[in-house]
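Remarks on the structure that follows.
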Amino acid sequence: MQLRTVLHHRFRSDTGAEFVYVATSAAILGLDAHTSAIVEAFAGPDGRDDDEFLASRSDRELSEQSLHDLIDLGVVRPVGEAAAPRAQLPPMPFPLATLVLNVTNKCNLSCTYCYEYGADRLTAGEGSKLAGKPKMEDETARQSIDFLLRSSGDRPQVSITFFGGETLLNFPAIRTAVEYAESKAALVKKRVHYSLTTNATLLTDEVVDFLTRHRFGITVSIDGDQQEQDRHRTFQKGVGSFDVIAPRIRHLIATNKARKGRSIGARVTLTAGAAPAADTYRFLTGELGFDEVGFAPVTAGLGRAYALGELGYERLLREFGELAEDYVAAACRGESHGFANLNDLLRELHQGVNKAHPCGAGLGLVGVSTEGDLNLCHRFVESKSHKLGSVTEGIDESVRTAFLQKAHVDQKTDCRQCFARPLCAGGCYHEAHVRYGDATVANLHYCEWIRGFVDLGLRSYARILTRNPKFFARFETS
Ligand code: SF4
Ligand code: SF4
């Protein structure tokens, strides 16, 4: 019988131990000399005849057993075998887990690269009819909570994320939403978790007290030390924001630690010419005290000076490699490390995540505009072409289902032969919309970067697995 390997990626740990990542099942398997030789032999585009292969082996019995093992594990399959049918969508309506409330679309900073106010913005600027109300009213915040609670099915826990603009410009709506959610959720025996993204300029004592008392997960958008921060993240008159935010962040982190709050993360937008990621990481954790740091390459239309070109992505991969060294060393000692991108990737690899859609947008998560319209996520609020309904009328299930069917990874031809597919599934809808004008297409401009990062994650996983496998127990409960 003609047999062939399924889509896979082979990699080694630094000790030389060999592994394979099986893209069809998202499994990571160790290979010994026999199984490695078989994967090699059957990896060609036409596969190989099993009898002919076994006849060529001096260790026929052992090879036959190994071949059967690989067939059972789904690594080698008959050529032409129809792929197992995949569920297109989970049963709909899918219960919501997270609501992202855009409590304001105003901001007190004017960062050069901001998708909200920059040329890549999805809606017209302030003052335009399309821009929507600048702030969410308390009544809309309450209606949003009611909508979430009645749309979350049997889930015992739901999450509310507050977003902007600068989220804290509408602190009253946040307070209203939290107090209302506490009272309503108790009636239906659900727990609510809160999180918020902020630029830290408005973290007053009162705000810090409120956020830490309610155990908010807090993400601060910050680009690094004074020079990095002030390069793009300025007030409207062009003055840098570092001097304003640094003492506020220190106060937030100290109060949160004293109250044993959830971890506080920094989110760094990476642009062309940014400082090395490892330097930024060390500053943000060492000097400011953040628990974790996540890096996001800037979303930008073609031709923006701050956009990361191909060389920028190559550089970034090298810099992520440096940070991964620190992460792996810490993991081998049994310690946590705050490099959030790698931490998230290792969690997904360990849990065998195999995505049909790149993220939960439109599925378990929806964004709410200041006026109460429902959209795919926070980045699409006010985008009329991605409207899914409203908090008062609910989700238009036919629009939701049509989008999710079109955005399914199986519809993305270029992703079919990509080993990173279980984790990437075509990438962010918003990025695709900005780049290609279609949220459902694959982000083919960053495939090399994604595949490089997944390979880095797999090699890091293998290194930790061979030295301190107990480290991964932390990913089995969350
Ligand atoms: S977008 Fe690119 S990296 Fe992502 S799954 Fe598709 S082909 Fe792979
Ligand atoms: S579409 Fe993009 S920005 Fe929106 S939730 Fe998904 S990954 Fe995040």
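Ligands are numbered from 1 in the order shown, residues from 1 within each chain, and chains are lettered A, B, ... in the order they appear in the structure tokens.
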Each residue of chain A lying at most 8 Å from ligand 2 should get a row with its shortest atom-to-atom pair and the distance in Å to one decimal, counting only C-alpha atoms and all ligand atoms; could you produce that, ordered by chain and increasing number, as JSON lines?
```
{"residue": "A:Pro358", "atom": "CA", "partner": "ligand 2", "partner_atom_place_in_ligand_line": "6 (Fe)", "distance": 6.7}
{"residue": "A:Cys359", "atom": "CA", "partner": "ligand 2", "partner_atom_place_in_ligand_line": "6 (Fe)", "distance": 4.7}
{"residue": "A:Gly360", "atom": "CA", "partner": "ligand 2", "partner_atom_place_in_ligand_line": "5 (S)", "distance": 6.3}
{"residue": "A:Ala361", "atom": "CA", "partner": "ligand 2", "partner_atom_place_in_ligand_line": "5 (S)", "distance": 4.9}
{"residue": "A:Leu365", "atom": "CA", "partner": "ligand 2", "partner_atom_place_in_ligand_line": "5 (S)", "distance": 7.6}
{"residue": "A:Leu376", "atom": "CA", "partner": "ligand 2", "partner_atom_place_in_ligand_line": "4 (Fe)", "distance": 6.9}
{"residue": "A:Cys377", "atom": "CA", "partner": "ligand 2", "partner_atom_place_in_ligand_line": "4 (Fe)", "distance": 4.8}
{"residue": "A:His378", "atom": "CA", "partner": "ligand 2", "partner_atom_place_in_ligand_line": "4 (Fe)", "distance": 6.3}
{"residue": "A:Arg379", "atom": "CA", "partner": "ligand 2", "partner_atom_place_in_ligand_line": "3 (S)", "distance": 5.6}
{"residue": "A:Phe380", "atom": "CA", "partner": "ligand 2", "partner_atom_place_in_ligand_line": "4 (Fe)", "distance": 7.3}
{"residue": "A:Gly427", "atom": "CA", "partner": "ligand 2", "partner_atom_place_in_ligand_line": "7 (S)", "distance": 6.8}
{"residue": "A:Cys428", "atom": "CA", "partner": "ligand 2", "partner_atom_place_in_ligand_line": "2 (Fe)", "distance": 3.8}
{"residue": "A:Tyr429", "atom": "CA", "partner": "ligand 2", "partner_atom_place_in_ligand_line": "1 (S)", "distance": 4.2}
{"residue": "A:His430", "atom": "CA", "partner": "ligand 2", "partner_atom_place_in_ligand_line": "1 (S)", "distance": 4.9}
{"residue": "A:Glu431", "atom": "CA", "partner": "ligand 2", "partner_atom_place_in_ligand_line": "2 (Fe)", "distance": 6.5}
```
Please provide the set of residues having any atom within 6 Å of Thr5 of chain A, restricted to only C-alpha atoms, with same-chain residues fewer than 6 positions apart removed, written as a PyMOL selection string.
chain A and resi 42-43+75-76
Spatial neighbours of segment 276-290 of chain A, max dist 8 Å, only C-alpha atoms, sep filter under 2 positions, as an MDAnalysis selection string
chainID A and resid 223:225 246 249:250 253 263:266 274 292:293 316 319:320 322:323 338:339
Could you pull out the alpha helix (DSSP H) residues of segment 194-390 of chain A from DSSP and send them as a PyMOL selection string?
chain A and resi 205-213+226-232+242-258+277-282+310-332+340-351
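Of the listed residues (A:Ala432, A:Ala37, A:Leu456, A:Met136), A:Ala432 comes nearest to ligand 1; the distances count only C-alpha atoms and all ligand atoms.
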Report as JSON lines: every residue of chain A with an atom at most 7 Å from ligand 1, its closest pair of atoms, and their distance in Å to one decimal, counting only C-alpha atoms and all ligand atoms, with rows sorted by chain and ascending residue number.
```
{"residue": "A:Asp414", "atom": "CA", "partner": "ligand 1", "partner_atom_place_in_ligand_line": "7 (S)", "distance": 5.2}
{"residue": "A:Cys415", "atom": "CA", "partner": "ligand 1", "partner_atom_place_in_ligand_line": "6 (Fe)", "distance": 3.7}
{"residue": "A:Cys418", "atom": "CA", "partner": "ligand 1", "partner_atom_place_in_ligand_line": "8 (Fe)", "distance": 4.6}
{"residue": "A:Phe419", "atom": "CA", "partner": "ligand 1", "partner_atom_place_in_ligand_line": "8 (Fe)", "distance": 6.7}
{"residue": "A:Ala420", "atom": "CA", "partner": "ligand 1", "partner_atom_place_in_ligand_line": "8 (Fe)", "distance": 5.1}
{"residue": "A:Arg421", "atom": "CA", "partner": "ligand 1", "partner_atom_place_in_ligand_line": "5 (S)", "distance": 3.7}
{"residue": "A:Cys424", "atom": "CA", "partner": "ligand 1", "partner_atom_place_in_ligand_line": "4 (Fe)", "distance": 4.6}
{"residue": "A:Ala425", "atom": "CA", "partner": "ligand 1", "partner_atom_place_in_ligand_line": "5 (S)", "distance": 4.5}
{"residue": "A:Gly426", "atom": "CA", "partner": "ligand 1", "partner_atom_place_in_ligand_line": "1 (S)", "distance": 3.6}
{"residue": "A:Gly427", "atom": "CA", "partner": "ligand 1", "partner_atom_place_in_ligand_line": "1 (S)", "distance": 5.6}
{"residue": "A:Ala442", "atom": "CA", "partner": "ligand 1", "partner_atom_place_in_ligand_line": "1 (S)", "distance": 4.5}
{"residue": "A:Asn443", "atom": "CA", "partner": "ligand 1", "partner_atom_place_in_ligand_line": "1 (S)", "distance": 4.7}
{"residue": "A:Leu444", "atom": "CA", "partner": "ligand 1", "partner_atom_place_in_ligand_line": "2 (Fe)", "distance": 5.0}
{"residue": "A:Tyr446", "atom": "CA", "partner": "ligand 1", "partner_atom_place_in_ligand_line": "2 (Fe)", "distance": 6.6}
{"residue": "A:Cys447", "atom": "CA", "partner": "ligand 1", "partner_atom_place_in_ligand_line": "3 (S)", "distance": 3.7}
{"residue": "A:Glu448", "atom": "CA", "partner": "ligand 1", "partner_atom_place_in_ligand_line": "3 (S)", "distance": 6.6}
{"residue": "A:Ile450", "atom": "CA", "partner": "ligand 1", "partner_atom_place_in_ligand_line": "3 (S)", "distance": 5.1}
{"residue": "A:Arg451", "atom": "CA", "partner": "ligand 1", "partner_atom_place_in_ligand_line": "3 (S)", "distance": 5.6}
```
Determine the nearest neighbour of Leu308 of chain A from the options A:Ile160, A:Val220, A:Leu342, A:Leu270, counting only C-alpha atoms.
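Among the listed residues, A:Leu270 lies closest to Leu308 of chain A.
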Pull the closest atom pair for each residue of segment 235-304 of chain A that gets at most 10 Å from segment 207-214 of chain A, along with the distance in Å to one decimal, counting only C-alpha atoms, ordering rows by chain and then ascending residue number, as CSV.
```
residue,atom,partner,partner_atom,distance
A:Arg248,CA,A:Val208,CA,8.9
A:Ile249,CA,A:Val208,CA,9.6
A:His251,CA,A:Val208,CA,8.0
A:Leu252,CA,A:Val208,CA,5.8
A:Ile253,CA,A:Val208,CA,9.2
A:Thr255,CA,A:Thr212,CA,7.3
A:Asn256,CA,A:Thr212,CA,5.6
A:Lys257,CA,A:Thr212,CA,9.2
A:Ala258,CA,A:Thr212,CA,9.6
A:Arg259,CA,A:Thr212,CA,7.1
A:Lys260,CA,A:Thr212,CA,8.8
A:Gly261,CA,A:Thr212,CA,6.3
A:Arg262,CA,A:Thr212,CA,8.5
```
Between atom CA of Ala27 of chain A and atom CA of His8 of chain A, what is the distance, to one decimal in Å?
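Straight-line distance from atom CA of Ala27 of chain A to atom CA of His8 of chain A works out to 9.7 Å.
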Would you mind reading off the distance between atom CA of Lys190 of chain A and atom CA of Arg150 of chain A, one decimal, in Å?
10.9 Å
Pick from A:Glu382, A:Glu371, A:Glu476, A:Asp146: nearest to Leu99 of chain A, with only C-alpha atoms counted?
A:Asp146
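From atom CA of Thr161 of chain A back to atom CA of Glu206 of chain A, the distance works out to 19.4 Å.
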Members of segment 298-425 of chain A assigned strand (DSSP E or B) by DSSP, as a list in words
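Assigned to strand (DSSP E or B), within segment 298-425 of chain A: Phe339, Ala361, Leu365, Val366, Gly367, Val368, Asp373, Leu374, Asn375, Lys387, Leu388, Gly389, Ser390, Gly394 and Ile395 of chain A.
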Selected residues written out with N, CA and C atoms, as a PDB file, in the first residue's frame:
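Listed below is the output, part00.pdb:
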```
ATOM      1  N   PHE A 339       7.668  36.351  29.595  1.00  0.00           N
ATOM      2  CA  PHE A 339       7.619  36.574  28.136  1.00  0.00           C
ATOM      3  C   PHE A 339       6.279  35.992  27.656  1.00  0.00           C
ATOM      4  N   ALA A 361     -13.069  35.869  18.218  1.00  0.00           N
ATOM      5  CA  ALA A 361     -13.910  36.979  17.747  1.00  0.00           C
ATOM      6  C   ALA A 361     -15.135  36.458  16.994  1.00  0.00           C
ATOM      7  N   LEU A 365     -16.491  35.535  21.818  1.00  0.00           N
ATOM      8  CA  LEU A 365     -16.190  36.934  22.175  1.00  0.00           C
ATOM      9  C   LEU A 365     -16.815  37.867  21.161  1.00  0.00           C
ATOM     10  N   VAL A 366     -17.423  38.949  21.632  1.00  0.00           N
ATOM     11  CA  VAL A 366     -17.843  40.017  20.719  1.00  0.00           C
ATOM     12  C   VAL A 366     -17.511  41.369  21.349  1.00  0.00           C
ATOM     13  N   GLY A 367     -17.367  42.374  20.487  1.00  0.00           N
ATOM     14  CA  GLY A 367     -17.088  43.731  20.946  1.00  0.00           C
ATOM     15  C   GLY A 367     -18.376  44.546  20.925  1.00  0.00           C
ATOM     16  N   VAL A 368     -18.473  45.501  21.851  1.00  0.00           N
ATOM     17  CA  VAL A 368     -19.643  46.383  21.922  1.00  0.00           C
ATOM     18  C   VAL A 368     -19.187  47.816  21.705  1.00  0.00           C
ATOM     19  N   ASP A 373     -23.750  48.661  19.703  1.00  0.00           N
ATOM     20  CA  ASP A 373     -23.724  47.737  18.564  1.00  0.00           C
ATOM     21  C   ASP A 373     -22.736  46.610  18.841  1.00  0.00           C
ATOM     22  N   LEU A 374     -23.049  45.427  18.349  1.00  0.00           N
ATOM     23  CA  LEU A 374     -22.164  44.272  18.517  1.00  0.00           C
ATOM     24  C   LEU A 374     -21.334  44.077  17.259  1.00  0.00           C
ATOM     25  N   ASN A 375     -20.053  43.822  17.459  1.00  0.00           N
ATOM     26  CA  ASN A 375     -19.145  43.613  16.330  1.00  0.00           C
ATOM     27  C   ASN A 375     -18.223  42.441  16.639  1.00  0.00           C
ATOM     28  N   LYS A 387     -20.915  44.436  11.630  1.00  0.00           N
ATOM     29  CA  LYS A 387     -21.886  44.502  12.722  1.00  0.00           C
ATOM     30  C   LYS A 387     -22.619  43.157  12.853  1.00  0.00           C
ATOM     31  N   LEU A 388     -22.734  42.699  14.090  1.00  0.00           N
ATOM     32  CA  LEU A 388     -23.390  41.407  14.338  1.00  0.00           C
ATOM     33  C   LEU A 388     -24.745  41.559  15.019  1.00  0.00           C
ATOM     34  N   GLY A 389     -25.108  42.776  15.409  1.00  0.00           N
ATOM     35  CA  GLY A 389     -26.369  42.974  16.117  1.00  0.00           C
ATOM     36  C   GLY A 389     -26.222  44.101  17.115  1.00  0.00           C
ATOM     37  N   SER A 390     -26.999  44.035  18.180  1.00  0.00           N
ATOM     38  CA  SER A 390     -26.900  45.054  19.223  1.00  0.00           C
ATOM     39  C   SER A 390     -27.199  44.418  20.574  1.00  0.00           C
ATOM     40  N   GLY A 394     -29.730  41.601  20.451  1.00  0.00           N
ATOM     41  CA  GLY A 394     -28.975  40.352  20.419  1.00  0.00           C
ATOM     42  C   GLY A 394     -28.199  40.176  19.115  1.00  0.00           C
ATOM     43  N   ILE A 395     -27.625  38.989  18.970  1.00  0.00           N
ATOM     44  CA  ILE A 395     -26.785  38.698  17.802  1.00  0.00           C
ATOM     45  C   ILE A 395     -27.655  38.223  16.641  1.00  0.00           C
TER      46      ILE A 395
END
```
Given only C-alpha atoms, how would the per-residue table for segment 274-389 of chain A near segment 19-23 of chain A read, listing every residue at most 12 Å away with its closest atom pair and distance in Å to one decimal, sorted by chain and number, as JSON lines?
```
{"residue": "A:Leu349", "atom": "CA", "partner": "A:Tyr21", "partner_atom": "CA", "distance": 9.3}
{"residue": "A:His350", "atom": "CA", "partner": "A:Tyr21", "partner_atom": "CA", "distance": 11.3}
{"residue": "A:Gly352", "atom": "CA", "partner": "A:Ala23", "partner_atom": "CA", "distance": 10.0}
{"residue": "A:Val353", "atom": "CA", "partner": "A:Ala23", "partner_atom": "CA", "distance": 10.3}
{"residue": "A:Asn354", "atom": "CA", "partner": "A:Ala23", "partner_atom": "CA", "distance": 8.2}
{"residue": "A:Lys355", "atom": "CA", "partner": "A:Ala23", "partner_atom": "CA", "distance": 10.6}
```
